[in-house]
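S.K.: I'm passing along query-v1.cif; it holds mmCIF, C-alpha atoms.
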```cif
data_query
loop_
_atom_site.label_atom_id
_atom_site.label_comp_id
_atom_site.auth_asym_id
_atom_site.auth_seq_id
_atom_site.Cartn_x
_atom_site.Cartn_y
_atom_site.Cartn_z
CA MET A 1 -0.62 40.39 -40.95
CA CYS A 2 -3.32 40.01 -43.56
CA VAL A 3 -4.96 36.64 -43.85
CA HIS A 4 -6.70 36.16 -47.17
CA PRO A 5 -9.88 34.19 -47.93
CA LEU A 6 -9.96 30.42 -47.99
CA ILE A 7 -11.95 28.54 -50.61
CA ILE A 8 -12.86 25.01 -49.59
CA ILE A 9 -13.63 22.52 -52.35
CA SER A 10 -15.22 19.10 -51.89
CA GLY A 11 -17.05 16.64 -54.09
CA ASN A 12 -17.12 13.12 -55.39
CA SER A 13 -13.99 11.30 -56.54
CA ALA A 14 -13.10 12.06 -60.16
CA GLY A 15 -15.46 15.02 -60.19
CA GLY A 16 -12.87 17.38 -61.66
CA LYS A 17 -12.18 19.42 -58.51
CA THR A 18 -8.43 19.70 -58.92
CA SER A 19 -8.47 20.31 -62.68
CA LEU A 20 -11.08 23.04 -62.31
CA MET A 21 -9.43 24.84 -59.42
CA ARG A 22 -5.94 24.71 -60.91
CA ARG A 23 -7.35 26.45 -63.99
CA ILE A 24 -8.63 29.27 -61.81
CA MET A 25 -6.13 29.66 -58.97
CA GLU A 26 -2.51 28.85 -58.24
CA ASN A 27 -2.42 29.21 -54.45
CA GLU A 28 -3.35 25.65 -53.50
CA VAL A 29 -3.10 24.37 -49.96
CA LEU A 30 -1.68 20.93 -50.69
CA SER A 31 -2.97 18.00 -48.70
CA LEU A 32 -0.56 15.75 -46.92
CA THR A 33 -1.03 12.03 -47.45
CA SER A 34 0.57 8.82 -46.25
CA ARG A 35 -0.54 6.87 -49.30
CA ILE A 36 1.88 5.64 -51.93
CA ILE A 37 2.53 7.97 -54.82
CA ARG A 38 0.78 6.92 -58.04
CA ASP A 39 2.37 6.81 -61.49
CA GLY A 40 2.45 10.31 -62.92
CA GLU A 41 2.06 12.09 -59.57
CA LYS A 42 4.67 14.47 -58.20
CA ASP A 43 5.46 15.18 -54.58
CA GLU A 44 4.77 18.83 -53.67
CA PHE A 45 2.55 19.20 -56.75
CA ASP A 46 -0.26 16.65 -56.44
CA TYR A 47 0.10 16.04 -52.71
CA ARG A 48 2.71 16.31 -50.03
CA PHE A 49 3.64 12.67 -49.51
CA THR A 50 4.86 11.43 -46.14
CA THR A 51 5.08 8.28 -44.02
CA LYS A 52 2.35 7.00 -41.71
CA GLN A 53 4.77 7.44 -38.80
CA ARG A 54 5.34 11.14 -39.56
CA PHE A 55 1.60 11.66 -40.10
CA GLN A 56 0.91 10.08 -36.68
CA ARG A 57 3.48 12.40 -35.05
CA LEU A 58 1.78 15.42 -36.64
CA ILE A 59 -1.57 14.27 -35.23
CA GLU A 60 -0.07 13.77 -31.76
CA LYS A 61 1.56 17.22 -31.83
CA ASN A 62 -1.68 18.91 -33.03
CA LYS A 63 0.05 20.20 -36.18
CA LEU A 64 -2.86 19.44 -38.54
CA ALA A 65 -5.74 21.79 -39.30
CA GLU A 66 -7.80 18.78 -40.40
CA TRP A 67 -7.17 15.13 -41.14
CA SER A 68 -8.95 11.85 -41.76
CA PRO A 69 -8.15 8.23 -42.45
CA TYR A 70 -9.08 6.78 -45.82
CA GLY A 71 -8.50 3.10 -46.38
CA ASP A 72 -4.99 2.32 -45.19
CA SER A 73 -3.81 5.92 -45.53
CA PHE A 74 -4.24 9.32 -43.94
CA TYR A 75 -5.02 12.66 -45.57
CA GLY A 76 -4.84 16.07 -43.97
CA ILE A 77 -3.63 19.64 -44.05
CA GLU A 78 -0.77 20.94 -41.97
CA LYS A 79 -1.59 24.13 -40.07
CA GLU A 80 1.71 25.71 -41.17
CA GLU A 81 1.01 24.99 -44.87
CA LEU A 82 -2.47 26.49 -44.56
CA GLU A 83 -1.30 29.62 -42.76
CA ASN A 84 1.58 30.19 -45.20
CA LYS A 85 -0.76 29.97 -48.20
CA LEU A 86 -3.36 32.28 -46.65
CA HIS A 87 -0.72 34.93 -46.02
CA LYS A 88 0.21 34.89 -49.73
CA GLY A 89 -3.31 35.53 -51.01
CA PRO A 90 -6.69 33.85 -51.49
CA ALA A 91 -6.08 30.10 -51.32
CA PHE A 92 -8.01 26.94 -52.04
CA SER A 93 -8.02 23.54 -50.43
CA ILE A 94 -9.59 20.32 -51.66
CA VAL A 95 -10.89 18.26 -48.75
CA THR A 96 -13.55 15.75 -47.73
CA TYR A 97 -16.84 16.73 -46.13
CA GLU A 98 -15.27 16.20 -42.69
CA GLY A 99 -12.34 18.38 -43.71
CA MET A 100 -14.71 21.10 -44.86
CA LYS A 101 -16.53 21.06 -41.51
CA ARG A 102 -13.25 21.32 -39.60
CA LEU A 103 -11.88 24.12 -41.79
CA LYS A 104 -15.17 26.04 -41.46
CA GLU A 105 -14.73 25.84 -37.67
CA LEU A 106 -11.27 27.41 -38.02
CA TYR A 107 -12.26 29.85 -40.79
CA PRO A 108 -16.01 30.53 -40.51
CA ASP A 109 -15.91 33.01 -43.41
CA ALA A 110 -14.36 30.47 -45.79
CA LEU A 111 -16.26 29.85 -49.02
CA SER A 112 -17.30 26.21 -49.44
CA ILE A 113 -18.09 24.77 -52.87
CA PHE A 114 -19.24 21.26 -53.69
CA ILE A 115 -18.35 20.07 -57.21
CA TYR A 116 -19.85 16.86 -58.54
CA THR A 117 -20.44 14.75 -61.62
CA THR A 118 -22.95 12.00 -62.27
CA LYS A 119 -22.19 8.56 -60.92
CA GLU A 120 -21.51 7.29 -64.45
CA GLU A 121 -19.07 10.13 -65.16
CA ALA A 122 -17.30 9.53 -61.85
CA LEU A 123 -16.91 5.82 -62.64
CA LYS A 124 -15.45 6.62 -66.06
CA GLY A 125 -13.08 9.14 -64.51
CA LEU A 126 -11.79 6.65 -61.95
CA GLN A 127 -11.29 4.02 -64.64
CA LYS A 128 -9.45 6.53 -66.81
CA ARG A 129 -7.13 7.33 -63.88
CA GLY A 130 -6.12 3.70 -63.77
CA GLU A 131 -7.48 3.02 -60.30
CA SER A 132 -7.65 -0.62 -59.23
CA PRO A 133 -11.10 -2.27 -59.22
CA GLU A 134 -10.95 -2.33 -55.40
CA GLN A 135 -10.17 1.39 -55.20
CA ILE A 136 -12.89 2.20 -57.72
CA GLN A 137 -15.42 0.21 -55.72
CA LYS A 138 -14.36 1.91 -52.46
CA ARG A 139 -14.55 5.41 -53.96
CA MET A 140 -17.86 4.75 -55.71
CA SER A 141 -19.39 3.31 -52.53
CA SER A 142 -19.20 6.76 -50.93
CA TYR A 143 -20.74 8.63 -53.90
CA ASP A 144 -24.34 8.73 -52.61
CA GLU A 145 -23.28 9.76 -49.10
CA GLU A 146 -21.06 12.53 -50.48
CA LEU A 147 -23.88 13.91 -52.61
CA SER A 148 -26.35 13.73 -49.73
CA ARG A 149 -24.27 16.40 -47.94
CA LYS A 150 -24.02 18.88 -50.80
CA GLY A 151 -26.69 21.11 -49.25
CA GLU A 152 -24.28 21.98 -46.44
CA TYR A 153 -22.02 23.93 -48.81
CA ASP A 154 -22.31 27.57 -49.82
CA PHE A 155 -22.47 26.64 -53.52
CA VAL A 156 -23.00 23.45 -55.51
CA ILE A 157 -21.76 23.04 -59.08
CA ARG A 158 -22.29 20.13 -61.43
CA ASN A 159 -19.29 19.51 -63.65
CA LYS A 160 -21.04 18.26 -66.78
CA HIS A 161 -19.21 15.94 -69.14
CA GLY A 162 -18.00 17.87 -72.18
CA LYS A 163 -18.74 21.24 -70.54
CA PHE A 164 -15.43 21.86 -68.73
CA GLU A 165 -15.01 25.44 -69.95
CA GLU A 166 -18.58 26.26 -68.95
CA THR A 167 -17.93 24.85 -65.48
CA VAL A 168 -14.67 26.85 -65.20
CA HIS A 169 -16.63 30.01 -66.05
CA ILE A 170 -19.35 29.30 -63.45
CA LEU A 171 -16.80 28.48 -60.76
CA GLN A 172 -14.69 31.54 -61.60
CA SER A 173 -17.80 33.76 -61.43
CA ILE A 174 -18.74 32.44 -57.98
CA ILE A 175 -15.23 32.88 -56.63
CA ASP A 176 -14.89 36.39 -58.10
CA MET A 177 -18.25 37.40 -56.69
CA GLU A 178 -17.44 36.08 -53.23
CA LEU A 179 -13.90 37.50 -53.12
CA THR A 180 -15.11 40.99 -54.03
CA LYS A 181 -17.75 41.06 -51.27
CA GLU A 182 -16.72 43.13 -48.32
#
```
Step by step, read the file and then write its structure as structure tokens.

M.R.:
Amino acid sequence: MCVHPLIIISGNSAGGKTSLMRRIMENEVLSLTSRIIRDGEKDEFDYRFTTKQRFQRLIEKNKLAEWSPYGDSFYGIEKEELENKLHKGPAFSIVTYEGMKRLKELYPDALSIFIYTTKEEALKGLQKRGESPEQIQKRMSSYDEELSRKGEYDFVIRNKHGKFEETVHILQSIIDMELTKE
């Protein structure tokens, strides 16, 4: 069976990762989360929502390719979801730095890309999403640490405010170039 390339995407909160990648590719490895669904989100489109109890069982049964706690919730990727997507074609997954490290252990040839915005743009993005002040503060508190690790990725792209199409083009070029290498 052919297993296709995996593209791993990380970056700061509200950096545009999902919007950019969904413009370029359809084969998304959806993350599983135990957090409550937000207004406007759809199960099996934005995330795969589950209970903390089910998430814990998946951890205990070693059914997750990667996972991490965040606040009062868990996020991760089920091994079965990942394998199914990779058998369909090149796939992408949006994960944390820790998730990227774990996925690179499983798929050393995976392409890792860090996408970021400025701190000011990230703050505006989180506010626009309607995040609570507590959530905004928590997400912004990790901004500097997230950016300090960007050198560990294969590519780093700044998603500049007002330059979405330019960023799509750059990202698409990198992915095309990497997928045609052999």

S.K.: Applying 10 Å and only C-alpha atoms, which residues near A:Phe45 remain after dropping the ones on its own chain fewer than 3 positions away? List them as a list in words.

M.R.: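 Near neighbours after the sequence-gap exclusion: Glu28, Leu30, Ser31, Glu41, Lys42, Arg48 and Phe49 of chain A.
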
S.K.: Can you spell out as a list in words the set of residues that the PyMOL selection byres ((chain A and resi 76) around 7) selects in the structure I just provided?

M.R.: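 In the shown coordinates, the PyMOL selection byres ((chain A and resi 76) around 7) covers Ser31, Leu32, Thr33, Leu64, Glu66, Trp67, Ser68, Phe74, Tyr75, Ile77 and Glu78 of chain A.
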
S.K.: I'd like the neighbourhood of stretch 153-170 of chain A as a compact mmCIF listing (two decimals) with C-alpha atoms, in the frame of the given file, where a residue qualifies if any of its atoms comes within 6 Å (using only C-alpha atoms), though same-chain residues fewer than 3 positions away should be ignored.

M.R.:
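Result file result_9.txt:
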```txt
# COMPACT_ATOMS: atom_id res chain seq x y z
CA LEU A 20 -11.08 23.04 -62.31
CA SER A 112 -17.30 26.21 -49.44
CA ILE A 113 -18.09 24.77 -52.87
CA PHE A 114 -19.24 21.26 -53.69
CA ILE A 115 -18.35 20.07 -57.21
CA TYR A 116 -19.85 16.86 -58.54
CA THR A 117 -20.44 14.75 -61.62
CA LYS A 150 -24.02 18.88 -50.80
CA SER A 173 -17.80 33.76 -61.43
```

S.K.: For a quick check of understanding, using only C-alpha atoms, which of A:Asp72, A:Glu152, A:Glu145, A:Glu134 has the smallest distance to A:Lys119?

M.R.: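 Between A:Asp72, A:Glu152, A:Glu145, A:Glu134, the residue approaching A:Lys119 most closely is A:Glu145.
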
S.K.: Hey, what's within 12 Å of A:Glu83 if we count only C-alpha atoms and toss same-chain stuff fewer than 5 positions away? As a ChimeraX atom specification, please?

M.R.: /A:1-6,27-30,63-65,77-78,88-93,103,106-107

S.K.: Atoms to include: C-alpha atoms. Write the selected residues as a PDB file, in the coordinates of the input.

M.R.:
```pdb
ATOM      1  CA  MET A   1      -0.620  40.390 -40.950  1.00  0.00           C
ATOM      2  CA  CYS A   2      -3.320  40.010 -43.560  1.00  0.00           C
ATOM      3  CA  VAL A   3      -4.960  36.640 -43.850  1.00  0.00           C
ATOM      4  CA  HIS A   4      -6.700  36.160 -47.170  1.00  0.00           C
ATOM      5  CA  PRO A   5      -9.880  34.190 -47.930  1.00  0.00           C
ATOM      6  CA  LEU A   6      -9.960  30.420 -47.990  1.00  0.00           C
ATOM      7  CA  ASN A  27      -2.420  29.210 -54.450  1.00  0.00           C
ATOM      8  CA  GLU A  28      -3.350  25.650 -53.500  1.00  0.00           C
ATOM      9  CA  VAL A  29      -3.100  24.370 -49.960  1.00  0.00           C
ATOM     10  CA  LEU A  30      -1.680  20.930 -50.690  1.00  0.00           C
ATOM     11  CA  LYS A  63       0.050  20.200 -36.180  1.00  0.00           C
ATOM     12  CA  LEU A  64      -2.860  19.440 -38.540  1.00  0.00           C
ATOM     13  CA  ALA A  65      -5.740  21.790 -39.300  1.00  0.00           C
ATOM     14  CA  ILE A  77      -3.630  19.640 -44.050  1.00  0.00           C
ATOM     15  CA  GLU A  78      -0.770  20.940 -41.970  1.00  0.00           C
ATOM     16  CA  LYS A  88       0.210  34.890 -49.730  1.00  0.00           C
ATOM     17  CA  GLY A  89      -3.310  35.530 -51.010  1.00  0.00           C
ATOM     18  CA  PRO A  90      -6.690  33.850 -51.490  1.00  0.00           C
ATOM     19  CA  ALA A  91      -6.080  30.100 -51.320  1.00  0.00           C
ATOM     20  CA  PHE A  92      -8.010  26.940 -52.040  1.00  0.00           C
ATOM     21  CA  SER A  93      -8.020  23.540 -50.430  1.00  0.00           C
ATOM     22  CA  LEU A 103     -11.880  24.120 -41.790  1.00  0.00           C
ATOM     23  CA  LEU A 106     -11.270  27.410 -38.020  1.00  0.00           C
ATOM     24  CA  TYR A 107     -12.260  29.850 -40.790  1.00  0.00           C
TER      25      TYR A 107
END
```

S.K.: Looking at only C-alpha atoms, which of A:Glu60, A:Ile7, A:Val95, A:Ser132 is the one that sits closest to A:Ile24?

M.R.: A:Ile7

S.K.: Identify the residues within 12 Å of coordinate (-11.2, 4.0, -55.1) (same frame as the file), considering all atoms listed in the file, and give the answer as a PyMOL selection string.

M.R.: chain A and resi 12-14+70-72+122-123+125-127+129-143

S.K.: Would you work out the distance separating atom CA of A:Lys61 from atom CA of A:Asp109, expressed in Å to one decimal?

M.R.: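 Between atom CA of A:Lys61 and atom CA of A:Asp109 the gap is 26.2 Å.
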
S.K.: Any chance you could turn stretch 53-78 of chain A into a file with N, CA and C atoms, as a PDB file, in the first residue's frame?

M.R.:
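After the write, result-v5.pdb holds the following:
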```pdb
ATOM      1  N   GLN A  53     -13.260  11.480  28.715  1.00  0.00           N
ATOM      2  CA  GLN A  53     -13.192  10.054  29.053  1.00  0.00           C
ATOM      3  C   GLN A  53     -12.754   9.225  27.840  1.00  0.00           C
ATOM      4  N   ARG A  54     -13.331   9.490  26.670  1.00  0.00           N
ATOM      5  CA  ARG A  54     -12.941   8.758  25.467  1.00  0.00           C
ATOM      6  C   ARG A  54     -11.493   9.082  25.100  1.00  0.00           C
ATOM      7  N   PHE A  55     -11.102  10.342  25.231  1.00  0.00           N
ATOM      8  CA  PHE A  55      -9.732  10.734  24.928  1.00  0.00           C
ATOM      9  C   PHE A  55      -8.769   9.955  25.832  1.00  0.00           C
ATOM     10  N   GLN A  56      -9.087   9.881  27.122  1.00  0.00           N
ATOM     11  CA  GLN A  56      -8.240   9.134  28.072  1.00  0.00           C
ATOM     12  C   GLN A  56      -8.126   7.664  27.673  1.00  0.00           C
ATOM     13  N   ARG A  57      -9.233   7.060  27.232  1.00  0.00           N
ATOM     14  CA  ARG A  57      -9.198   5.657  26.801  1.00  0.00           C
ATOM     15  C   ARG A  57      -8.291   5.485  25.581  1.00  0.00           C
ATOM     16  N   LEU A  58      -8.350   6.443  24.657  1.00  0.00           N
ATOM     17  CA  LEU A  58      -7.481   6.374  23.474  1.00  0.00           C
ATOM     18  C   LEU A  58      -6.010   6.469  23.864  1.00  0.00           C
ATOM     19  N   ILE A  59      -5.703   7.300  24.843  1.00  0.00           N
ATOM     20  CA  ILE A  59      -4.321   7.403  25.341  1.00  0.00           C
ATOM     21  C   ILE A  59      -3.896   6.059  25.940  1.00  0.00           C
ATOM     22  N   GLU A  60      -4.739   5.520  26.806  1.00  0.00           N
ATOM     23  CA  GLU A  60      -4.423   4.253  27.488  1.00  0.00           C
ATOM     24  C   GLU A  60      -4.226   3.106  26.506  1.00  0.00           C
ATOM     25  N   LYS A  61      -4.979   3.109  25.417  1.00  0.00           N
ATOM     26  CA  LYS A  61      -4.903   2.034  24.424  1.00  0.00           C
ATOM     27  C   LYS A  61      -3.866   2.309  23.331  1.00  0.00           C
ATOM     28  N   ASN A  62      -3.092   3.397  23.482  1.00  0.00           N
ATOM     29  CA  ASN A  62      -2.054   3.762  22.518  1.00  0.00           C
ATOM     30  C   ASN A  62      -2.619   3.927  21.101  1.00  0.00           C
ATOM     31  N   LYS A  63      -3.760   4.587  20.995  1.00  0.00           N
ATOM     32  CA  LYS A  63      -4.433   4.784  19.709  1.00  0.00           C
ATOM     33  C   LYS A  63      -4.145   6.153  19.102  1.00  0.00           C
ATOM     34  N   LEU A  64      -3.296   6.951  19.761  1.00  0.00           N
ATOM     35  CA  LEU A  64      -3.017   8.302  19.278  1.00  0.00           C
ATOM     36  C   LEU A  64      -1.588   8.391  18.745  1.00  0.00           C
ATOM     37  N   ALA A  65      -1.449   9.021  17.591  1.00  0.00           N
ATOM     38  CA  ALA A  65      -0.120   9.248  17.008  1.00  0.00           C
ATOM     39  C   ALA A  65       0.614  10.322  17.794  1.00  0.00           C
ATOM     40  N   GLU A  66      -0.135  11.313  18.272  1.00  0.00           N
ATOM     41  CA  GLU A  66       0.411  12.376  19.113  1.00  0.00           C
ATOM     42  C   GLU A  66      -0.741  12.978  19.879  1.00  0.00           C
ATOM     43  N   TRP A  67      -0.443  13.538  21.041  1.00  0.00           N
ATOM     44  CA  TRP A  67      -1.465  14.220  21.829  1.00  0.00           C
ATOM     45  C   TRP A  67      -0.794  15.122  22.857  1.00  0.00           C
ATOM     46  N   SER A  68      -1.563  16.101  23.333  1.00  0.00           N
ATOM     47  CA  SER A  68      -1.066  16.967  24.398  1.00  0.00           C
ATOM     48  C   SER A  68      -2.243  17.624  25.105  1.00  0.00           C
ATOM     49  N   PRO A  69      -2.035  17.924  26.390  1.00  0.00           N
ATOM     50  CA  PRO A  69      -3.063  18.681  27.111  1.00  0.00           C
ATOM     51  C   PRO A  69      -2.910  20.160  26.784  1.00  0.00           C
ATOM     52  N   TYR A  70      -4.020  20.871  26.803  1.00  0.00           N
ATOM     53  CA  TYR A  70      -3.968  22.325  26.657  1.00  0.00           C
ATOM     54  C   TYR A  70      -5.096  22.884  27.499  1.00  0.00           C
ATOM     55  N   GLY A  71      -4.726  23.576  28.556  1.00  0.00           N
ATOM     56  CA  GLY A  71      -5.737  24.072  29.495  1.00  0.00           C
ATOM     57  C   GLY A  71      -6.460  22.895  30.120  1.00  0.00           C
ATOM     58  N   ASP A  72      -7.761  22.906  30.042  1.00  0.00           N
ATOM     59  CA  ASP A  72      -8.568  21.818  30.605  1.00  0.00           C
ATOM     60  C   ASP A  72      -8.928  20.772  29.564  1.00  0.00           C
ATOM     61  N   SER A  73      -8.347  20.850  28.389  1.00  0.00           N
ATOM     62  CA  SER A  73      -8.719  19.961  27.290  1.00  0.00           C
ATOM     63  C   SER A  73      -7.511  19.202  26.763  1.00  0.00           C
ATOM     64  N   PHE A  74      -7.797  18.235  25.910  1.00  0.00           N
ATOM     65  CA  PHE A  74      -6.762  17.475  25.223  1.00  0.00           C
ATOM     66  C   PHE A  74      -6.925  17.660  23.723  1.00  0.00           C
ATOM     67  N   TYR A  75      -5.792  17.606  23.018  1.00  0.00           N
ATOM     68  CA  TYR A  75      -5.773  17.649  21.562  1.00  0.00           C
ATOM     69  C   TYR A  75      -4.868  16.524  21.089  1.00  0.00           C
ATOM     70  N   GLY A  76      -5.196  15.920  19.975  1.00  0.00           N
ATOM     71  CA  GLY A  76      -4.345  14.861  19.455  1.00  0.00           C
ATOM     72  C   GLY A  76      -4.830  14.356  18.115  1.00  0.00           C
ATOM     73  N   ILE A  77      -4.093  13.391  17.590  1.00  0.00           N
ATOM     74  CA  ILE A  77      -4.431  12.790  16.304  1.00  0.00           C
ATOM     75  C   ILE A  77      -4.495  11.280  16.484  1.00  0.00           C
ATOM     76  N   GLU A  78      -5.612  10.723  16.080  1.00  0.00           N
ATOM     77  CA  GLU A  78      -5.764   9.273  16.130  1.00  0.00           C
ATOM     78  C   GLU A  78      -4.922   8.632  15.030  1.00  0.00           C
TER      79      GLU A  78
END
```
